[in-house]
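Reproduced below: start31.pdb, with PDB, C-alpha atoms.
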```
ATOM      1  CA  MET K   1     -31.999  18.117   9.955
ATOM      2  CA  GLU K   2     -32.185  15.023   7.795
ATOM      3  CA  GLY K   3     -30.260  11.870   8.587
ATOM      4  CA  GLU K   4     -27.763  10.120   6.405
ATOM      5  CA  PRO K   5     -29.151   8.534   3.243
ATOM      6  CA  THR K   6     -29.778   4.792   3.209
ATOM      7  CA  ARG K   7     -26.845   3.166   1.423
ATOM      8  CA  ILE K   8     -27.671   0.333  -0.956
ATOM      9  CA  MET K   9     -24.860  -1.678  -2.522
ATOM     10  CA  ILE K  10     -25.702  -3.248  -5.871
ATOM     11  CA  ALA K  11     -23.362  -5.862  -7.341
ATOM     12  CA  VAL K  12     -23.249  -5.467 -11.138
ATOM     13  CA  ASN K  13     -21.697  -7.441 -13.961
ATOM     14  CA  GLU K  14     -21.469  -7.380 -17.729
ATOM     15  CA  SER K  15     -23.856  -9.134 -20.075
ATOM     16  CA  SER K  16     -22.736 -12.656 -20.976
ATOM     17  CA  ILE K  17     -24.421 -12.165 -24.352
ATOM     18  CA  LYS K  18     -23.493  -8.595 -25.341
ATOM     19  CA  LYS K  19     -20.332  -8.387 -23.183
ATOM     20  CA  TYR K  20     -18.818  -5.071 -22.057
ATOM     21  CA  PRO K  21     -20.024  -2.366 -21.675
ATOM     22  CA  HIS K  22     -23.559  -3.769 -21.454
ATOM     23  CA  PRO K  23     -24.922  -4.720 -18.018
ATOM     24  CA  SER K  24     -26.422  -8.168 -17.557
ATOM     25  CA  ILE K  25     -30.199  -8.535 -17.642
ATOM     26  CA  SER K  26     -30.094  -9.654 -14.006
ATOM     27  CA  CYS K  27     -28.127  -6.711 -12.600
ATOM     28  CA  ARG K  28     -30.001  -4.194 -14.752
ATOM     29  CA  GLY K  29     -33.235  -5.721 -13.443
ATOM     30  CA  ALA K  30     -31.956  -5.550  -9.858
ATOM     31  CA  PHE K  31     -31.080  -1.879 -10.373
ATOM     32  CA  GLU K  32     -34.489  -1.028 -11.857
ATOM     33  CA  TRP K  33     -36.215  -3.038  -9.098
ATOM     34  CA  THR K  34     -34.277  -1.033  -6.482
ATOM     35  CA  LEU K  35     -35.354   2.228  -8.090
ATOM     36  CA  GLU K  36     -39.005   1.195  -8.429
ATOM     37  CA  LYS K  37     -39.531  -0.669  -5.140
ATOM     38  CA  ILE K  38     -37.179   1.032  -2.701
ATOM     39  CA  VAL K  39     -36.041   4.449  -3.898
ATOM     40  CA  ARG K  40     -39.298   5.409  -5.669
ATOM     41  CA  SER K  41     -39.531   9.208  -5.547
ATOM     42  CA  ASN K  42     -37.349   9.618  -2.436
ATOM     43  CA  THR K  43     -34.161  10.207  -4.429
ATOM     44  CA  SER K  44     -32.433  12.208  -1.692
ATOM     45  CA  GLY K  45     -33.013   9.469   0.887
ATOM     46  CA  PHE K  46     -30.724   6.946  -0.794
ATOM     47  CA  LYS K  47     -27.192   6.511  -2.019
ATOM     48  CA  LEU K  48     -26.517   3.656  -4.431
ATOM     49  CA  LEU K  49     -23.124   1.943  -4.291
ATOM     50  CA  PHE K  50     -22.231  -0.015  -7.436
ATOM     51  CA  LEU K  51     -19.617  -2.753  -7.163
ATOM     52  CA  HIS K  52     -18.325  -4.471 -10.278
ATOM     53  CA  VAL K  53     -16.089  -7.491  -9.708
ATOM     54  CA  GLN K  54     -13.861  -8.455 -12.615
ATOM     55  CA  ILE K  55     -13.029 -12.138 -12.589
ATOM     56  CA  PRO K  56      -9.460 -12.883 -13.658
ATOM     57  CA  ASP K  57      -9.070 -15.863 -15.947
ATOM     58  CA  GLU K  58      -7.967 -18.979 -14.055
ATOM     59  CA  ASP K  59      -4.780 -19.179 -16.096
ATOM     60  CA  GLY K  60      -4.175 -15.454 -15.818
ATOM     61  CA  PHE K  61      -4.791 -14.689 -19.483
ATOM     62  CA  ASP K  62      -7.942 -12.933 -20.625
ATOM     63  CA  ASP K  63      -7.189 -13.373 -24.324
ATOM     64  CA  VAL K  64      -5.912 -16.857 -25.111
ATOM     65  CA  ASP K  65      -5.722 -16.057 -28.845
ATOM     66  CA  SER K  66      -3.582 -12.959 -28.334
ATOM     67  CA  ILE K  67       0.160 -12.818 -28.805
ATOM     68  CA  PHE K  68       2.144 -11.234 -25.988
ATOM     69  CA  ALA K  69       5.620 -10.102 -26.990
ATOM     70  CA  SER K  70       6.492  -7.538 -24.334
ATOM     71  CA  PRO K  71       5.579  -6.411 -20.811
ATOM     72  CA  ASP K  72       3.655  -3.524 -22.363
ATOM     73  CA  ASP K  73       1.261  -6.031 -23.958
ATOM     74  CA  PHE K  74       0.154  -7.108 -20.481
ATOM     75  CA  LYS K  75      -0.177  -3.515 -19.295
ATOM     76  CA  GLN K  76      -2.360  -2.746 -22.301
ATOM     77  CA  MET K  77      -4.567  -5.747 -21.470
ATOM     78  CA  ALA K  78      -4.971  -4.547 -17.873
ATOM     79  CA  ARG K  79      -5.856  -1.028 -19.047
ATOM     80  CA  ARG K  80      -8.384  -2.449 -21.509
ATOM     81  CA  ASP K  81     -10.064  -4.552 -18.797
ATOM     82  CA  LYS K  82     -10.262  -1.558 -16.473
ATOM     83  CA  ALA K  83     -11.721   0.602 -19.258
ATOM     84  CA  ARG K  84     -14.376  -2.024 -19.968
ATOM     85  CA  GLY K  85     -15.385  -2.109 -16.317
ATOM     86  CA  LEU K  86     -15.545   1.679 -16.187
ATOM     87  CA  HIS K  87     -17.859   1.765 -19.201
ATOM     88  CA  LEU K  88     -20.145  -0.743 -17.479
ATOM     89  CA  LEU K  89     -20.302   1.377 -14.325
ATOM     90  CA  GLU K  90     -20.880   4.486 -16.425
ATOM     91  CA  TYR K  91     -24.316   3.119 -17.405
ATOM     92  CA  PHE K  92     -25.451   3.000 -13.762
ATOM     93  CA  VAL K  93     -23.841   6.292 -12.719
ATOM     94  CA  ASP K  94     -25.396   8.091 -15.713
ATOM     95  CA  ARG K  95     -28.856   6.713 -14.849
ATOM     96  CA  CYS K  96     -28.493   7.785 -11.207
ATOM     97  CA  HIS K  97     -27.503  11.292 -12.220
ATOM     98  CA  GLU K  98     -30.465  11.503 -14.619
ATOM     99  CA  LEU K  99     -32.764  10.614 -11.713
ATOM    100  CA  GLY K 100     -30.994  12.685  -9.057
ATOM    101  CA  VAL K 101     -29.919   9.708  -6.924
ATOM    102  CA  ALA K 102     -26.514   9.963  -5.222
ATOM    103  CA  CYS K 103     -24.145   7.164  -6.125
ATOM    104  CA  GLU K 104     -20.604   5.801  -6.092
ATOM    105  CA  ALA K 105     -19.120   3.046  -8.244
ATOM    106  CA  TRP K 106     -15.893   1.045  -8.168
ATOM    107  CA  ILE K 107     -14.181  -2.051  -9.562
ATOM    108  CA  LYS K 108     -12.475  -4.893  -7.722
ATOM    109  CA  LYS K 109     -10.908  -8.113  -9.023
ATOM    110  CA  GLY K 110     -11.377 -11.606  -7.688
ATOM    111  CA  ASP K 111     -14.051 -14.178  -6.913
ATOM    112  CA  PRO K 112     -17.372 -12.267  -6.865
ATOM    113  CA  LYS K 113     -18.751 -13.884  -3.705
ATOM    114  CA  GLU K 114     -15.544 -13.267  -1.751
ATOM    115  CA  VAL K 115     -15.106  -9.718  -3.044
ATOM    116  CA  ILE K 116     -18.750  -8.813  -2.366
ATOM    117  CA  CYS K 117     -18.384 -10.032   1.219
ATOM    118  CA  ARG K 118     -15.124  -8.123   1.727
ATOM    119  CA  GLU K 119     -16.604  -4.935   0.299
ATOM    120  CA  VAL K 120     -19.706  -5.228   2.471
ATOM    121  CA  ASP K 121     -17.420  -5.564   5.484
ATOM    122  CA  ARG K 122     -15.367  -2.552   4.376
ATOM    123  CA  VAL K 123     -18.203  -0.219   3.280
ATOM    124  CA  HIS K 124     -21.008  -1.274   5.674
ATOM    125  CA  PRO K 125     -24.004  -0.593   3.395
ATOM    126  CA  ASP K 126     -27.513  -0.789   4.835
ATOM    127  CA  PHE K 127     -28.653  -3.183   2.101
ATOM    128  CA  LEU K 128     -27.070  -5.397  -0.540
ATOM    129  CA  VAL K 129     -28.968  -6.025  -3.775
ATOM    130  CA  VAL K 130     -27.871  -8.787  -6.133
ATOM    131  CA  GLY K 131     -29.346 -10.267  -9.284
ATOM    132  CA  SER K 132     -29.779 -13.999  -9.705
ATOM    133  CA  ARG K 133     -29.741 -14.829 -13.436
ATOM    134  CA  GLY K 134     -33.104 -16.522 -12.856
ATOM    135  CA  LEU K 135     -31.683 -19.028 -10.348
ATOM    136  CA  GLY K 136     -33.284 -19.623  -6.989
ATOM    137  CA  PRO K 137     -31.858 -17.894  -3.921
ATOM    138  CA  PHE K 138     -29.976 -20.903  -2.580
ATOM    139  CA  GLN K 139     -28.588 -21.918  -5.953
ATOM    140  CA  ARG K 140     -26.932 -18.571  -6.510
ATOM    141  CA  TYR K 141     -26.546 -16.795  -3.141
ATOM    142  CA  GLY K 142     -27.178 -19.338  -0.418
ATOM    143  CA  ASP K 143     -23.638 -19.077   0.890
ATOM    144  CA  LEU K 144     -23.840 -15.273   0.875
ATOM    145  CA  LEU K 145     -26.893 -15.402   3.117
ATOM    146  CA  PHE K 146     -24.921 -17.081   5.874
ATOM    147  CA  HIS K 147     -21.590 -15.321   5.432
ATOM    148  CA  LYS K 148     -20.373 -13.608   8.610
ATOM    149  CA  HIS K 149     -19.867 -10.271   6.834
ATOM    150  CA  LEU K 150     -23.468 -10.160   5.666
ATOM    151  CA  GLN K 151     -25.238 -11.007   8.903
ATOM    152  CA  SER K 152     -25.497  -7.365   9.939
ATOM    153  CA  ILE K 153     -27.180  -6.118   6.746
ATOM    154  CA  GLU K 154     -30.193  -7.017   4.685
ATOM    155  CA  LEU K 155     -29.622  -9.038   1.512
ATOM    156  CA  LEU K 156     -32.211  -8.283  -1.122
ATOM    157  CA  ALA K 157     -31.943 -10.794  -3.921
ATOM    158  CA  HIS K 158     -33.808  -9.731  -7.005
ATOM    159  CA  PHE K 159     -34.989 -12.587  -9.147
ATOM    160  CA  VAL K 160     -35.624 -11.877 -12.813
ATOM    161  CA  ASP K 161     -37.577 -14.414 -14.825
ATOM    162  CA  ILE K 162     -36.279 -14.254 -18.357
ATOM    163  CA  GLU K 163     -38.730 -15.233 -21.063
ATOM    164  CA  ARG K 164     -37.100 -17.281 -23.786
TER     165      ARG K 164
END
```
Translate this structure into structure tokens?
Amino acid sequence: MEGEPTRIMIAVNESSIKKYPHPSISCRGAFEWTLEKIVRSNTSGFKLLFLHVQIPDEDGFDDVDSIFASPDDFKQMARRDKARGLHLLEYFVDRCHELGVACEAWIKKGDPKEVICREVDRVHPDFLVVGSRGLGPFQRYGDLLFHKHLQSIELLAHFVDIER
């Protein structure tokens, strides 16, 4: 009898260049790195957990050039944001299904570092993989490394050097 698969949470976000539904170079690189370096051919031994954190605008409005004339306008904006996040996650779920790797994906809103820590505490993955946008580990994730929620799991920061 085989044991439970190793659960790896991967924090993903949209491309700052191409926007939704395209994943960022960093998170796509972290995903590919996870497949190549950890999962390899042992697809049944792992379950990938994709977390996308949508960051609400500080003033509460995602579209400052839009005109809002009714409560439905705000509902439409919320539905649009959710749909964009779902399309982003669809990329990763589709790739996992092509490769035969079990996965789950979900969206949360808030500050990414806080939400990632809360979700790690709630889900208890074996590993957390994050991209870095080419920054060093303490520039981007230093505070995650010492967060109380993350002390019981391994944090695997994938660092992608982007040629310009």
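The residue that comes closest to K:Ala11, out of K:Ile25, K:Ile55, K:Ile38, K:Ile116 and on the basis of all atoms listed in the file, is K:Ile116.
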Test item: the PyMOL selection byres ((chain K and resi 28) around 12) resolved as a PyMOL selection string: chain K and resi 10-15+22-27+29-35+50+88-89+91-92+95+129-133+158-160
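In this model, the gap between atom CA of K:Ala69 and atom CA of K:Val53 comes to 27.9 Å.
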One decimal, Å: what's the distance from atom CA of K:Ala105 over to atom CA of K:Cys117, could you say? 16.2 Å
Which protein, DNA or RNA residues are at most 12 Å from (-32.6, 9.3, -11.8) in the file's coordinates when you count all atoms listed in the file, listed as a ChimeraX atom specification? /K:31-32,34-36,39-44,46-48,91-103
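You can rank K:His52, K:His124, K:Arg84, K:Arg7 by their closest distance to K:Asp111 using all atoms listed in the file, and at the top of that list sits K:His52.
The gap separating atom CA of K:Phe127 from atom CA of K:Glu4 is 14.0 Å, in Å to one decimal.
The nearest approach to K:Leu51 among the residues K:Lys108, K:Arg118, K:Lys37, K:Lys113, with all atoms listed in the file taken into account, belongs to K:Lys108.
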Can you tell me, as AutoDock Vina command-line options, the centre and edge lengths (Å, one decimal) of the axis-aligned box enclosing all of stretch 78-85 of chain K's listed atoms after padding each side by 8 Å?
```
--center_x -10.2 --center_y -2.0 --center_z -18.9 --size_x 26.4 --size_y 21.2 --size_z 21.2
```
